[in-house]
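Containing mmCIF, C-alpha atoms: my_file_39.cif.
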data_input
#
loop_
_atom_site.label_atom_id
_atom_site.label_comp_id
_atom_site.auth_asym_id
_atom_site.auth_seq_id
_atom_site.Cartn_x
_atom_site.Cartn_y
_atom_site.Cartn_z
CA MET A 954 19.69 99.21 -3.81
CA THR A 955 16.00 98.30 -4.02
CA GLY A 956 13.92 97.61 -0.91
CA VAL A 957 13.55 93.81 -1.11
CA GLN A 958 16.70 91.91 -0.11
CA SER A 959 17.73 89.09 -2.44
CA THR A 960 20.31 86.34 -2.06
CA ILE A 961 22.91 85.05 -4.47
CA ASP A 962 20.79 81.95 -4.98
CA ASP A 963 17.90 84.18 -6.02
CA VAL A 964 20.10 85.92 -8.59
CA ALA A 965 21.61 82.67 -9.84
CA THR A 966 18.22 81.13 -10.60
CA ALA A 967 16.47 84.24 -11.93
CA ARG A 968 16.12 85.27 -15.56
CA GLY A 969 15.18 88.40 -17.47
CA ARG A 970 14.24 91.53 -15.56
CA THR A 971 13.99 89.53 -12.31
CA PHE A 972 17.70 88.71 -12.60
CA LEU A 973 18.50 92.42 -12.82
CA ASP A 974 16.22 93.45 -9.96
CA ASP A 975 17.58 90.70 -7.73
CA LEU A 976 21.14 91.69 -8.60
CA SER A 977 20.59 95.33 -7.70
CA SER A 978 18.96 94.41 -4.39
CA LEU A 979 22.04 92.60 -3.05
CA ASP A 980 24.06 94.27 -0.33
CA ARG A 981 27.70 95.06 -1.04
CA SER A 982 29.18 91.85 0.34
CA GLU A 983 26.67 89.65 -1.46
CA LEU A 984 27.10 91.66 -4.66
CA SER A 985 30.85 91.08 -4.53
CA ARG A 986 30.26 87.35 -4.11
CA ALA A 987 27.79 87.40 -7.01
CA GLY A 988 30.46 88.94 -9.19
CA HIS A 989 32.56 85.80 -8.71
CA ASP A 990 29.73 83.27 -8.83
CA GLN A 991 29.92 81.03 -11.91
CA ARG A 992 26.14 80.62 -12.02
CA VAL A 993 25.62 84.37 -12.13
CA ALA A 994 28.31 84.74 -14.79
CA ALA A 995 26.63 82.05 -16.90
CA THR A 996 23.33 83.91 -16.81
CA ALA A 997 24.88 87.30 -17.56
CA GLN A 998 26.93 86.01 -20.46
CA ASP A 999 25.05 83.03 -21.85
CA ASP A 1000 21.36 83.66 -21.08
CA PRO A 1001 21.12 87.36 -20.28
CA PRO A 1002 18.15 89.70 -20.07
CA THR A 1003 17.33 91.50 -23.30
CA ALA A 1004 19.13 94.73 -24.08
CA ALA A 1005 15.82 96.58 -23.78
CA GLU A 1006 15.30 95.17 -20.27
CA VAL A 1007 18.83 96.13 -19.29
CA THR A 1008 18.52 99.66 -20.67
CA THR A 1009 15.27 100.28 -18.79
CA TRP A 1010 16.67 98.80 -15.57
CA TRP A 1011 19.91 100.79 -15.75
CA ALA A 1012 18.05 104.05 -16.43
CA GLY A 1013 15.95 103.49 -13.31
CA LEU A 1014 18.93 103.13 -10.97
CA GLY A 1015 20.46 105.96 -9.00
CA ASP A 1016 24.05 107.07 -9.54
CA GLU A 1017 25.24 105.38 -6.35
CA GLU A 1018 23.53 102.11 -7.30
CA ARG A 1019 25.19 102.17 -10.70
CA ARG A 1020 28.61 102.83 -9.22
CA ALA A 1021 28.19 100.02 -6.69
CA LEU A 1022 27.18 97.54 -9.36
CA ALA A 1023 29.97 98.50 -11.77
CA THR A 1024 32.71 98.48 -9.16
CA THR A 1025 31.57 95.53 -7.04
CA ALA A 1026 30.38 93.15 -9.77
CA PRO A 1027 32.28 94.37 -12.86
CA SER A 1028 32.36 90.96 -14.55
CA VAL A 1029 28.56 91.02 -14.66
CA VAL A 1030 27.95 94.67 -15.54
CA GLY A 1031 30.73 94.74 -18.14
CA ASN A 1032 29.00 92.12 -20.26
CA LEU A 1033 25.35 93.20 -20.08
CA GLU A 1034 24.15 94.46 -23.45
CA GLY A 1035 22.26 97.69 -22.81
CA VAL A 1036 24.64 99.09 -20.18
CA PRO A 1037 26.45 102.19 -21.56
CA TYR A 1038 29.66 101.27 -23.35
CA SER A 1039 31.83 103.61 -21.27
CA VAL A 1040 30.61 101.85 -18.10
CA ARG A 1041 31.26 98.43 -19.62
CA ASP A 1042 34.75 99.49 -20.67
CA ARG A 1043 35.67 100.59 -17.14
CA ALA A 1044 34.16 97.46 -15.61
CA ASN A 1045 35.90 95.09 -18.01
CA ARG A 1046 39.23 96.87 -17.61
CA ALA A 1047 38.89 96.40 -13.85
CA VAL A 1048 38.35 92.66 -14.40
CA LEU A 1049 41.34 92.60 -16.75
CA THR A 1050 43.60 94.36 -14.25
CA ALA A 1051 42.53 92.10 -11.40
CA GLY A 1052 42.99 89.00 -13.51
CA LEU A 1053 46.50 89.96 -14.56
CA ALA A 1054 47.42 90.60 -10.92
CA ASP A 1055 46.05 87.23 -9.75
CA GLN A 1056 49.04 85.12 -8.72
CA ARG A 1057 46.87 81.99 -8.65
CA ALA A 1058 45.77 82.30 -12.28
CA SER A 1059 46.84 79.64 -14.73
CA ALA A 1060 49.44 80.41 -17.39
CA ALA A 1061 46.78 79.99 -20.06
CA ARG A 1062 44.47 82.53 -18.48
CA THR A 1063 47.29 85.01 -17.92
CA ALA A 1064 48.32 84.67 -21.57
CA MET A 1065 44.76 85.26 -22.72
CA LEU A 1066 44.40 88.39 -20.60
CA GLY A 1067 47.81 89.58 -21.75
CA GLN A 1068 46.56 89.49 -25.34
CA VAL A 1069 43.55 91.59 -24.37
CA ARG A 1070 45.75 94.11 -22.57
CA GLU A 1071 48.03 94.39 -25.60
CA SER A 1072 45.01 94.78 -27.88
CA LEU A 1073 43.89 97.87 -25.97
CA VAL A 1074 47.15 99.75 -26.60
CA HIS A 1075 46.89 102.45 -29.25
CA GLU A 1076 49.21 105.08 -30.68
CA PRO A 1077 49.02 108.68 -29.42
CA GLY A 1078 46.34 110.51 -31.37
CA ALA A 1079 44.74 107.24 -32.53
CA PRO A 1080 41.09 106.59 -31.67
CA GLN A 1081 40.21 105.34 -28.20
CA ARG A 1082 39.73 101.59 -27.76
CA TYR A 1083 36.91 100.28 -25.57
CA LEU A 1084 36.75 96.82 -24.00
CA VAL A 1085 33.04 96.08 -24.41
CA THR A 1086 33.14 92.31 -23.80
CA LEU A 1087 35.44 90.24 -21.62
CA ASP A 1088 34.59 86.64 -20.76
CA THR A 1089 37.49 85.04 -18.90
CA ARG A 1090 35.96 81.56 -18.78
CA GLY A 1091 37.69 78.81 -20.70
CA ALA A 1092 39.37 80.01 -23.89
CA GLY A 1093 37.71 83.39 -23.38
CA ARG A 1094 35.75 85.87 -25.47
CA ALA A 1095 36.41 89.55 -26.05
CA ALA A 1096 35.22 92.49 -28.12
CA ILE A 1097 37.12 95.75 -28.55
CA ALA A 1098 35.59 98.81 -30.15
CA ILE A 1099 37.80 101.29 -31.97
CA GLY A 1100 35.99 104.61 -31.88
CA ASP A 1101 32.93 105.71 -29.93
CA LEU A 1102 29.93 103.39 -30.27
CA ASP A 1103 27.72 105.95 -28.53
CA THR A 1104 28.17 108.60 -31.23
CA ALA A 1105 29.49 107.01 -34.43
CA ALA A 1106 27.43 107.43 -37.58
CA ASP A 1107 28.82 104.16 -38.95
CA VAL A 1108 29.37 101.10 -36.77
CA THR A 1109 31.04 98.06 -38.32
CA VAL A 1110 31.18 94.72 -36.50
CA VAL A 1111 33.91 92.40 -37.77
CA VAL A 1112 33.20 88.70 -37.15
CA PRO A 1113 36.14 86.25 -37.39
CA GLY A 1114 36.17 82.72 -38.71
CA MET A 1115 37.80 79.43 -37.81
CA PHE A 1116 40.93 79.13 -35.66
CA PHE A 1117 40.59 82.61 -34.11
CA THR A 1118 41.13 82.65 -30.34
CA VAL A 1119 41.61 85.46 -27.86
CA THR A 1120 45.00 84.09 -26.84
CA GLY A 1121 46.20 83.52 -30.38
CA GLN A 1122 44.79 86.35 -32.47
CA MET A 1123 43.09 89.09 -30.40
CA THR A 1124 45.85 91.64 -30.87
CA ASP A 1125 46.16 90.95 -34.58
CA PHE A 1126 42.39 90.94 -35.01
CA THR A 1127 42.06 94.28 -33.22
CA ASN A 1128 44.78 95.75 -35.42
CA THR A 1129 42.86 94.52 -38.45
CA ALA A 1130 39.78 96.35 -37.17
CA ASN A 1131 41.98 99.41 -36.75
CA ASP A 1132 43.09 99.10 -40.39
CA LEU A 1133 39.44 99.13 -41.45
CA TYR A 1134 38.77 102.13 -39.20
CA SER A 1135 41.66 104.00 -40.81
CA GLU A 1136 40.46 103.15 -44.31
CA GLN A 1137 36.95 104.35 -43.47
CA ALA A 1138 38.35 107.56 -42.00
CA THR A 1139 40.03 108.38 -45.32
CA LEU A 1140 36.60 108.19 -46.98
CA ALA A 1141 34.92 110.74 -44.73
CA GLY A 1142 34.59 113.13 -47.65
CA VAL A 1143 32.42 110.73 -49.66
CA ALA A 1144 30.52 109.09 -46.78
CA ALA A 1145 26.73 109.06 -46.94
CA PRO A 1146 25.00 111.11 -44.22
CA GLY A 1147 24.24 109.23 -41.01
CA SER A 1148 22.98 109.67 -37.46
CA GLY A 1149 26.01 110.69 -35.47
CA SER A 1150 29.57 111.53 -36.40
CA GLY A 1151 32.65 109.51 -37.21
CA VAL A 1152 33.01 105.75 -37.36
CA ALA A 1153 33.52 102.86 -34.96
CA VAL A 1154 34.75 99.36 -35.75
CA VAL A 1155 34.29 96.43 -33.36
CA ALA A 1156 36.77 93.56 -33.32
CA TRP A 1157 34.12 91.11 -32.18
CA MET A 1158 35.58 87.82 -30.97
CA GLY A 1159 32.32 87.26 -29.15
CA TYR A 1160 31.92 83.55 -29.84
CA ARG A 1161 34.07 80.45 -29.79
CA THR A 1162 35.32 79.78 -33.29
CA PRO A 1163 35.91 76.22 -34.53
CA ASP A 1164 39.20 74.39 -34.76
CA LEU A 1165 40.09 71.20 -36.60
CA SER A 1166 38.17 69.10 -34.09
CA ASN A 1167 34.78 70.70 -34.79
CA ILE A 1168 35.02 72.59 -38.09
CA LEU A 1169 32.47 70.29 -39.74
CA SER A 1170 29.76 71.25 -37.24
CA LEU A 1171 27.41 74.24 -37.35
CA GLY A 1172 26.87 74.25 -33.58
CA LEU A 1173 29.37 77.02 -32.93
CA ALA A 1174 27.94 79.09 -35.78
CA LYS A 1175 24.49 78.85 -34.19
CA THR A 1176 25.86 80.01 -30.84
CA GLY A 1177 27.83 82.75 -32.59
CA ALA A 1178 24.69 83.92 -34.37
CA GLU A 1179 22.81 84.20 -31.08
CA ARG A 1180 25.63 86.15 -29.46
CA LEU A 1181 25.91 88.45 -32.48
CA GLU A 1182 22.18 89.11 -32.33
CA ARG A 1183 22.54 90.18 -28.70
CA ALA A 1184 25.53 92.41 -29.44
CA VAL A 1185 23.72 94.26 -32.21
CA GLY A 1186 20.60 94.40 -30.04
CA GLY A 1187 22.66 96.13 -27.37
CA LEU A 1188 23.85 98.74 -29.87
CA ARG A 1189 20.28 99.31 -31.06
CA ALA A 1190 19.07 99.79 -27.49
CA ILE A 1191 21.86 102.20 -26.56
CA ARG A 1192 21.35 104.24 -29.72
CA ASP A 1193 17.55 104.30 -29.52
CA GLY A 1194 16.28 107.35 -31.42
CA GLU A 1195 19.57 107.86 -33.28
CA GLN A 1196 20.41 104.59 -34.97
CA PRO A 1197 23.83 104.37 -36.62
CA ARG A 1198 24.44 102.65 -39.92
CA VAL A 1199 25.19 99.08 -38.83
CA ASN A 1200 27.53 97.04 -41.00
CA ILE A 1201 28.43 93.40 -40.51
CA VAL A 1202 31.72 92.22 -42.02
CA ALA A 1203 32.13 88.48 -41.56
CA HIS A 1204 35.00 86.23 -42.60
CA SER A 1205 34.98 82.50 -43.30
CA TYR A 1206 33.00 80.51 -40.69
CA GLY A 1207 32.00 83.85 -39.19
CA SER A 1208 30.02 84.56 -42.35
CA THR A 1209 27.97 81.42 -41.74
CA ALA A 1210 27.16 82.68 -38.23
CA ALA A 1211 26.30 86.17 -39.56
CA LEU A 1212 24.03 84.78 -42.27
CA MET A 1213 22.22 82.72 -39.61
CA ALA A 1214 21.79 85.79 -37.41
CA LEU A 1215 20.46 88.00 -40.18
CA SER A 1216 17.95 85.38 -41.29
CA SER A 1217 16.65 84.74 -37.75
CA GLY A 1218 14.20 87.64 -37.58
CA ARG A 1219 15.92 88.88 -34.42
CA MET A 1220 18.60 91.09 -35.96
CA SER A 1221 18.95 93.56 -38.81
CA ALA A 1222 21.84 95.41 -40.45
CA ASP A 1223 22.20 98.08 -43.08
CA THR A 1224 24.89 96.14 -44.92
CA LEU A 1225 26.44 92.68 -44.88
CA THR A 1226 29.80 91.86 -46.41
CA VAL A 1227 30.98 88.25 -46.32
CA LEU A 1228 34.56 87.34 -47.16
CA GLY A 1229 35.76 83.85 -47.99
CA SER A 1230 32.39 82.38 -47.10
CA PRO A 1231 31.74 78.62 -46.94
CA GLY A 1232 27.99 79.33 -47.28
CA SER A 1233 24.94 78.65 -45.14
CA ASP A 1234 21.36 77.42 -45.37
CA VAL A 1235 20.21 80.90 -46.44
CA GLN A 1236 19.27 80.57 -50.10
CA THR A 1237 18.78 84.18 -51.21
CA ALA A 1238 19.55 87.68 -50.00
CA LYS A 1239 15.80 88.28 -49.63
CA GLU A 1240 15.85 86.05 -46.52
CA LEU A 1241 18.23 88.46 -44.78
CA ALA A 1242 17.22 91.49 -42.71
CA VAL A 1243 19.66 93.68 -44.62
CA GLY A 1244 19.09 96.81 -46.70
CA ALA A 1245 17.96 96.17 -50.28
CA GLY A 1246 20.96 95.58 -52.52
CA GLN A 1247 23.35 95.77 -49.56
CA VAL A 1248 24.72 92.22 -49.46
CA PHE A 1249 28.29 91.98 -50.77
CA VAL A 1250 30.56 89.00 -51.26
CA GLY A 1251 34.35 88.85 -51.52
CA ASP A 1252 35.91 85.85 -53.24
CA ALA A 1253 39.69 86.27 -53.37
CA HIS A 1254 41.97 84.64 -55.91
CA SER A 1255 43.16 81.20 -54.71
CA ASP A 1256 40.80 81.12 -51.71
CA PRO A 1257 39.87 77.43 -51.26
CA ILE A 1258 36.87 78.28 -49.04
CA ALA A 1259 35.18 81.12 -50.94
CA GLY A 1260 32.40 80.00 -53.24
CA SER A 1261 32.51 76.41 -52.00
CA GLY A 1262 29.00 76.27 -50.58
CA TYR A 1263 30.45 73.91 -47.98
CA PHE A 1264 27.72 74.68 -45.44
CA GLY A 1265 24.95 75.27 -47.98
CA THR A 1266 24.24 77.97 -50.54
CA ASP A 1267 27.15 80.09 -51.73
CA PRO A 1268 26.19 83.76 -51.11
CA GLY A 1269 28.23 84.70 -54.19
CA SER A 1270 26.23 82.48 -56.54
CA ALA A 1271 24.33 84.09 -59.40
CA THR A 1272 20.93 83.30 -57.89
CA PHE A 1273 21.63 84.58 -54.37
CA GLY A 1274 21.13 88.25 -55.16
CA SER A 1275 24.38 89.68 -53.81
CA THR A 1276 27.05 91.91 -55.33
CA VAL A 1277 30.30 90.02 -55.88
CA LEU A 1278 33.20 92.41 -55.34
CA ASP A 1279 35.63 93.07 -58.18
CA LEU A 1280 38.88 92.20 -56.42
CA ALA A 1281 41.06 91.66 -59.50
CA GLY A 1282 43.33 94.65 -58.86
CA GLY A 1283 47.03 94.25 -59.54
CA VAL A 1284 49.36 91.63 -58.18
CA ASP A 1285 50.93 94.53 -56.31
CA THR A 1286 50.33 98.26 -56.06
CA GLN A 1287 52.76 98.99 -58.90
CA ASP A 1288 51.06 96.72 -61.43
CA ALA A 1289 49.40 98.42 -64.39
CA GLY A 1290 48.80 101.59 -62.40
CA ASP A 1291 46.40 99.85 -60.00
CA VAL A 1292 46.01 101.70 -56.72
CA PHE A 1293 45.06 98.58 -54.75
CA ARG A 1294 46.53 95.11 -54.89
CA ARG A 1295 44.55 91.94 -55.37
CA PRO A 1296 43.83 89.93 -52.19
CA VAL A 1297 45.15 86.39 -52.50
CA GLY A 1298 44.13 83.37 -50.45
CA HIS A 1299 41.75 83.01 -47.53
CA ASN A 1300 43.26 85.48 -45.07
CA ASP A 1301 44.18 88.51 -47.18
CA TYR A 1302 40.86 90.36 -47.42
CA LEU A 1303 41.33 93.05 -44.77
CA LYS A 1304 45.03 93.72 -45.16
CA PRO A 1305 46.10 97.30 -45.93
CA GLY A 1306 46.45 98.12 -49.59
CA THR A 1307 44.00 95.50 -50.84
CA ALA A 1308 41.06 96.21 -53.10
CA SER A 1309 38.87 94.27 -50.68
CA LEU A 1310 39.70 96.46 -47.65
CA HIS A 1311 38.89 99.56 -49.69
CA ASP A 1312 35.57 98.13 -50.88
CA VAL A 1313 34.58 97.05 -47.37
CA ALA A 1314 35.32 100.57 -46.12
CA LEU A 1315 33.23 102.14 -48.90
CA ILE A 1316 30.31 99.86 -48.06
CA ALA A 1317 30.63 100.70 -44.36
CA VAL A 1318 30.32 104.46 -44.96
CA GLY A 1319 27.17 103.95 -47.00
CA ARG A 1320 28.74 104.06 -50.45
CA GLY A 1321 27.98 100.61 -51.74
CA ASP A 1322 26.81 102.37 -54.90
CA LEU A 1323 30.44 103.15 -55.75
CA VAL A 1324 31.35 99.51 -55.23
CA ARG A 1325 28.53 98.33 -57.47
CA GLU A 1326 29.60 100.81 -60.15
CA GLN A 1327 33.12 99.44 -59.95
CA VAL A 1328 31.77 95.91 -60.35
CA ARG A 1329 29.79 96.96 -63.44
CA ARG A 1330 32.90 98.51 -64.97
CA GLY A 1331 35.01 95.46 -64.13
CA GLU A 1332 32.27 92.93 -64.92
CA GLY A 1333 32.47 91.48 -61.40
CA GLY A 1334 35.06 89.67 -59.40
CA GLY A 1335 33.56 86.19 -59.60
CA ASP A 1336 31.65 83.97 -62.02
CA GLY A 1337 28.98 82.94 -59.51
CA VAL A 1338 29.77 79.26 -60.05
CA PRO A 1339 30.23 77.30 -56.81
CA GLN A 1340 33.58 75.58 -56.53
CA THR A 1341 34.06 72.04 -55.33
CA SER A 1342 34.03 71.52 -51.58
CA PRO A 1343 37.34 72.73 -50.11
CA ASP A 1344 39.80 70.87 -48.01
CA MET A 1345 39.43 72.74 -44.70
CA TYR A 1346 42.90 71.59 -43.76
CA LEU A 1347 44.34 73.94 -46.39
CA VAL A 1348 43.54 76.80 -44.00
CA ARG A 1349 46.13 76.48 -41.28
CA PRO A 1350 46.16 78.24 -37.89
CA GLN A 1351 49.66 79.60 -38.59
CA ASP A 1352 48.33 81.36 -41.70
CA LEU A 1353 46.21 83.60 -39.50
CA GLN A 1354 48.88 85.07 -37.26
CA PRO A 1355 51.56 87.01 -39.18
CA ARG A 1356 50.86 90.59 -40.18
CA GLU A 1357 52.72 92.44 -42.90
#
Write-out of the structure in structure tokens:
Amino acid sequence: MTGVQSTIDDVATARGRTFLDDLSSLDRSELSRAGHDQRVAATAQDDPPTAAEVTTWWAGLGDEERRALATTAPSVVGNLEGVPYSVRDRANRAVLTAGLADQRASAARTAMLGQVRESLVHEPGAPQRYLVTLDTRGAGRAAIAIGDLDTAADVTVVVPGMFFTVTGQMTDFTNTANDLYSEQATLAGVAAPGSGSGVAVVAWMGYRTPDLSNILSLGLAKTGAERLERAVGGLRAIRDGEQPRVNIVAHSYGSTAALMALSSGRMSADTLTVLGSPGSDVQTAKELAVGAGQVFVGDAHSDPIAGSGYFGTDPGSATFGSTVLDLAGGVDTQDAGDVFRRPVGHNDYLKPGTASLHDVALIAVGRGDLVREQVRRGEGGGDGVPQTSPDMYLVRPQDLQPRE
């Protein structure tokens, strides 16, 4: 630890680099207490130092200091953007294990952690899963990476929409990310060159999504945007000098948060794909820090949310400047010789066998040109005309849980 001794109160009231320096100056007993202090947790997870500050601080520590921090205050270290992902995974798994063993924990918290534990299970030979975020407060937050974020040429962050909770959907959501990973892996032969090798997909449930009590508000989208900015900032800092291709895939209300983040001036991405979007206050693709021509929109058949412009401009409208995916396909994989089936409804976009999953995977490996060519051949998958405002109550929580 550093020479000047700090107290927990010092850490709890500090911000930025001072927070980090004070944290690393605590002795072991105080550091352990800090790891369970709600004020310290709030700073680390809600108002943390920048990823650049964390990366510089972590690099300046000795091996013993790093081990002490990760093992004694894992709930803090595991959620600091800029700490190596392998360290965060070990720290967060330690928090998970301790939480599941806590006999005093509420049934709700145990159920939430049980979902996270189940989400980390993978088949033999399948890619490793990394627990890169674990916030056990309240309804919880979590992010699980499938594949190696430190080396992947293509990193895709999947952002969920309304009704998604760690307790209710984390396992299903992680399996969906795995489906996208598998689809991308089949396209390795046509992938555009990138910095690194292989792919990684993040099931990012890193913000509280709305339910029926607050779906009309944009407050959670704003918070989600800020958290997404920090998550991508952490990736950028870790991969400094060898940036991967960063793809954001955002569904429903999550697309509103992603559009906010990419128009903030604090985050950039190589591609953005929004699926079933209710819109945002972003009026054109030019306002987004995304590669030129790399904004894609999926509007599935019979989706009451897509194209509605409920929260502002529809990103699939003719004037926005996006590519609307051609998702017509067949009703099933046997129809008219179609290889992929047509996604139907609000929650079908990333299911195996759909035209939308295949297109998202092509975009994520840098082959949006093939998607645009398909759209030109098929004359697009949407007419660019905003629909009437949807009834949000048509999208039910129970629709989000079953998997085929």
Handout entry: Point-to-point distance from atom CA of Ala995 of chain A to atom CA of Ala1156 of chain A, Å rounded to tenths
Key = 22.5 Å
Taking the file as shown, find all residues satisfying the PyMOL selection byres ((chain A and resi 1062) around 12) and write them as a PDB file with C-alpha atoms, in the frame of the given file.
ATOM      1  CA  LEU A1049      41.340  92.600 -16.750  1.00  0.00           C
ATOM      2  CA  GLY A1052      42.990  89.000 -13.510  1.00  0.00           C
ATOM      3  CA  LEU A1053      46.500  89.960 -14.560  1.00  0.00           C
ATOM      4  CA  ALA A1054      47.420  90.600 -10.920  1.00  0.00           C
ATOM      5  CA  ASP A1055      46.050  87.230  -9.750  1.00  0.00           C
ATOM      6  CA  GLN A1056      49.040  85.120  -8.720  1.00  0.00           C
ATOM      7  CA  ARG A1057      46.870  81.990  -8.650  1.00  0.00           C
ATOM      8  CA  ALA A1058      45.770  82.300 -12.280  1.00  0.00           C
ATOM      9  CA  SER A1059      46.840  79.640 -14.730  1.00  0.00           C
ATOM     10  CA  ALA A1060      49.440  80.410 -17.390  1.00  0.00           C
ATOM     11  CA  ALA A1061      46.780  79.990 -20.060  1.00  0.00           C
ATOM     12  CA  THR A1063      47.290  85.010 -17.920  1.00  0.00           C
ATOM     13  CA  ALA A1064      48.320  84.670 -21.570  1.00  0.00           C
ATOM     14  CA  MET A1065      44.760  85.260 -22.720  1.00  0.00           C
ATOM     15  CA  LEU A1066      44.400  88.390 -20.600  1.00  0.00           C
ATOM     16  CA  GLY A1067      47.810  89.580 -21.750  1.00  0.00           C
ATOM     17  CA  GLN A1068      46.560  89.490 -25.340  1.00  0.00           C
ATOM     18  CA  VAL A1069      43.550  91.590 -24.370  1.00  0.00           C
ATOM     19  CA  ASP A1088      34.590  86.640 -20.760  1.00  0.00           C
ATOM     20  CA  THR A1089      37.490  85.040 -18.900  1.00  0.00           C
ATOM     21  CA  ARG A1090      35.960  81.560 -18.780  1.00  0.00           C
ATOM     22  CA  GLY A1091      37.690  78.810 -20.700  1.00  0.00           C
ATOM     23  CA  ALA A1092      39.370  80.010 -23.890  1.00  0.00           C
ATOM     24  CA  GLY A1093      37.710  83.390 -23.380  1.00  0.00           C
ATOM     25  CA  ARG A1094      35.750  85.870 -25.470  1.00  0.00           C
ATOM     26  CA  VAL A1119      41.610  85.460 -27.860  1.00  0.00           C
ATOM     27  CA  THR A1120      45.000  84.090 -26.840  1.00  0.00           C
TER      28      THR A1120
END
Axis-aligned box over every listed atom of segment 1204-1208 of chain A, padded by 8 Å per side: centre and edges in Å to one decimal, as AutoDock Vina command-line options?
--center_x 32.5 --center_y 83.4 --center_z -41.2 --size_x 21.0 --size_y 21.7 --size_z 20.1
Handout entry: Resolved residues for the PyMOL selection byres ((chain A and resi 1177-1179) around 6) as a list of chain:residue names
Key =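 Taken over the shown coordinates, the PyMOL selection byres ((chain A and resi 1177-1179) around 6) returns A:Tyr1160, A:Leu1173, A:Ala1174, A:Lys1175, A:Thr1176, A:Arg1180, A:Leu1181, A:Glu1182, A:Ala1210, A:Ala1211, A:Met1213, A:Ala1214.
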Practice task
On this file, the PyMOL selection byres ((chain A and resi 1083) around 8) gives some set of residues; write that set as JSON, numbers by chain.
Solution key: {"A": [1038, 1039, 1042, 1073, 1081, 1082, 1084, 1085, 1097, 1098, 1099, 1100]}
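In this model, the gap between atom CA of Val1112 of chain A and atom CA of Val1202 of chain A comes to 6.2 Å.
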Handout entry: Selection near segment 1128-1137 of chain A, 8 Å with only C-alpha atoms, sequence-local residues under 4 positions removed, as a count of residues only
Key = 20
Problem - From A:Arg1320, A:Lys1239, A:Arg1189, A:Arg1070, residue lying nearest Leu1140 of chain A [only C-alpha atoms] - result: A:Arg1320
Using 12 Å as the limit and counting all atoms listed in the file, can you tabulate each residue of segment 1143-1240 of chain A that touches segment 1101-1106 of chain A, with its shortest atom-to-atom distance in Å and the two atoms involved, as CSV?
residue,atom,partner,partner_atom,distance
A:Ala1144,CA,A:Ala1106,CA,9.8
A:Ala1145,CA,A:Ala1106,CA,9.5
A:Pro1146,CA,A:Ala1106,CA,8.0
A:Gly1147,CA,A:Ala1106,CA,5.0
A:Ser1148,CA,A:Ala1106,CA,5.0
A:Gly1149,CA,A:Ala1106,CA,4.1
A:Ser1150,CA,A:Ala1106,CA,4.8
A:Gly1151,CA,A:Ala1105,CA,4.9
A:Val1152,CA,A:Ala1105,CA,4.8
A:Ala1153,CA,A:Ala1105,CA,5.8
A:Val1154,CA,A:Leu1102,CA,8.3
A:Val1155,CA,A:Leu1102,CA,8.8
A:Ala1184,CA,A:Leu1102,CA,11.9
A:Val1185,CA,A:Leu1102,CA,11.2
A:Gly1187,CA,A:Leu1102,CA,10.7
A:Leu1188,CA,A:Leu1102,CA,7.7
A:Arg1189,CA,A:Asp1103,CA,10.3
A:Ala1190,CA,A:Asp1103,CA,10.7
A:Ile1191,CA,A:Asp1103,CA,7.2
A:Arg1192,CA,A:Asp1103,CA,6.7
A:Asp1193,CA,A:Asp1103,CA,10.4
A:Gly1194,CA,A:Asp1103,CA,11.9
A:Glu1195,CA,A:Thr1104,CA,8.9
A:Gln1196,CA,A:Ala1106,CA,8.0
A:Pro1197,CA,A:Ala1106,CA,4.8
A:Arg1198,CA,A:Ala1106,CA,6.1
A:Val1199,CA,A:Ala1106,CA,8.7
A:Asn1200,CA,A:Ala1106,CA,10.9
Practice task
Have a look at A:Val1277, A:Pro1027, A:Asp974, A:Arg1046 and name the one nearest to Leu1014 of chain A; count all atoms listed in the file.
Solution key: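 For Leu1014 of chain A, the nearest of the candidates is A:Asp974.
Atom CA of Ser1261 of chain A is positioned 15.8 Å from atom CA of Thr1237 of chain A.
Here the question is which of A:Arg1219, A:Asp980, A:Glu1018, A:Ala965 gets nearest to Thr1003 of chain A using all atoms listed in the file, and that residue is A:Arg1219.
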Problem - Neighbour residues at most 9 Å from (35.8, 81.9, -51.8) (all atoms listed in the file) as a list in words - result: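 Every polymer residue passing the test: Ser1205, Leu1228, Gly1229, Ser1230, Pro1231, Val1250, Gly1251, Asp1252, Ala1253, His1254, Ser1255, Asp1256, Pro1257, Ile1258, Ala1259, Gly1260, Ser1261, Gly1262, Asp1267, Gly1269, Gly1298, His1299, Pro1339 and Gln1340 of chain A.
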Problem - Given all atoms listed in the file as the counted atoms, nearest of A:Asn1300, A:Asn1032, A:Ser1233, A:Gln991 to Ser1216 of chain A - result: A:Ser1233
